[in-house]
file data_35.cif (mmCIF, C-alpha atoms)
data_my_file
loop_
_atom_site.label_atom_id
_atom_site.label_comp_id
_atom_site.auth_asym_id
_atom_site.auth_seq_id
_atom_site.Cartn_x
_atom_site.Cartn_y
_atom_site.Cartn_z
CA MET I 28 24.57 -29.04 -38.19
CA TRP I 29 25.76 -32.07 -36.29
CA LYS I 30 25.10 -30.23 -33.03
CA LEU I 31 21.41 -29.93 -33.95
CA VAL I 32 21.16 -33.67 -34.65
CA VAL I 33 22.90 -34.56 -31.37
CA GLY I 34 20.69 -32.11 -29.48
CA PHE I 35 17.53 -33.59 -31.02
CA VAL I 36 18.60 -37.15 -30.20
CA LEU I 37 19.39 -36.18 -26.60
CA PHE I 38 16.10 -34.33 -26.22
CA ALA I 39 14.12 -37.27 -27.67
CA ALA I 40 15.91 -39.74 -25.38
CA LEU I 41 15.24 -37.52 -22.36
CA ALA I 42 11.57 -37.15 -23.29
CA LEU I 43 11.11 -40.92 -23.69
CA PHE I 44 12.91 -41.55 -20.39
CA ILE I 45 10.67 -39.09 -18.53
CA LEU I 46 7.49 -40.47 -20.11
CA MET I 47 8.41 -44.06 -19.28
CA LYS I 48 9.36 -43.23 -15.68
CA SER I 49 6.17 -41.21 -15.12
CA GLY I 50 3.99 -44.21 -15.92
CA GLY I 51 2.86 -43.09 -19.37
CA ASP I 52 1.39 -45.88 -21.47
CA ILE I 53 3.86 -45.83 -24.36
CA ASP I 54 3.52 -48.50 -27.03
CA MET I 55 6.14 -48.17 -29.75
CA SER I 56 4.86 -51.13 -31.79
CA GLY I 57 2.54 -49.12 -34.02
CA GLU I 58 -1.21 -49.05 -34.52
CA LYS I 59 -3.29 -52.03 -33.54
CA HIS I 60 -6.51 -52.86 -35.31
CA ASP I 61 -8.11 -55.51 -33.14
CA VAL I 62 -11.49 -56.29 -34.63
CA GLY I 63 -12.16 -59.10 -32.22
CA ALA I 64 -15.30 -60.23 -30.49
CA GLY I 65 -15.10 -57.33 -28.02
CA HIS I 66 -17.53 -55.28 -30.11
CA ALA I 67 -19.95 -58.09 -30.96
CA GLU I 68 -21.37 -58.55 -27.47
CA PRO I 69 -22.30 -54.90 -26.73
CA ALA I 70 -23.82 -54.50 -30.20
CA ALA I 71 -26.03 -57.57 -29.74
CA SER I 72 -27.23 -56.43 -26.33
CA ALA I 73 -27.92 -52.91 -27.62
CA LEU I 74 -29.91 -54.34 -30.51
CA ALA I 75 -31.94 -56.53 -28.14
CA ALA I 76 -32.57 -53.57 -25.84
CA SER I 77 -33.80 -51.35 -28.68
CA ALA I 78 -36.09 -54.01 -30.20
CA PRO I 79 -38.94 -53.59 -27.65
CA ALA I 80 -38.75 -49.81 -27.98
CA ALA I 81 -38.89 -50.05 -31.76
CA ALA I 82 -41.87 -52.40 -31.59
CA SER I 83 -43.90 -49.99 -29.45
CA ALA I 84 -42.93 -46.90 -31.44
CA PRO I 85 -45.34 -47.42 -34.39
CA VAL I 86 -48.26 -47.91 -32.00
CA ALA I 87 -47.43 -44.75 -30.08
CA ALA I 88 -46.89 -42.78 -33.29
CA SER I 89 -50.17 -43.89 -34.84
CA ALA I 90 -52.27 -43.13 -31.75
CA PRO I 91 -52.35 -39.32 -32.25
CA ALA I 92 -53.04 -39.76 -35.96
CA SER I 93 -55.97 -42.09 -35.37
CA ALA I 94 -57.36 -39.80 -32.67
CA ALA I 95 -57.19 -36.81 -34.99
CA SER I 96 -58.99 -38.65 -37.78
CA GLN I 97 -61.99 -39.51 -35.63
#

call {"tool": "encode", "arguments": {"input": "data_35.cif", "output": "structure tokens"}}
result
Amino acid sequence: MWKLVVGFVLFAALALFILMKSGGDIDMSGEKHDVGAGHAEPAASALAASAPAAASAPVAASAPASAASQ
């Protein structure tokens, strides 16, 4: 049984060594939940970009309906 534990530890150490030497981005500090201002700027610009399209949509949608009623 102890041979399995030693083998696993050696294999894990070898795998981490290879990943670190190959340039893999390994972060052993756990999950990060950064809810900073990085998402606020793209959301505001996307909202501003969609506002003109949303304003013209009702006019374009009502044009076929008004033409059909005449």

call {"tool": "atom_distance", "arguments": {"input": "data_35.cif", "atom1": "atom CA of I:Phe44", "atom2": "atom CA of I:Lys30"}}
result
20.9 Å

call {"tool": "atom_distance", "arguments": {"input": "data_35.cif", "atom1": "atom CA of I:Met47", "atom2": "atom CA of I:Asp61"}}
result
24.4 Å

call {"tool": "atom_distance", "arguments": {"input": "data_35.cif", "atom1": "atom CA of I:Lys59", "atom2": "atom CA of I:Phe38"}}
result
27.3 Å
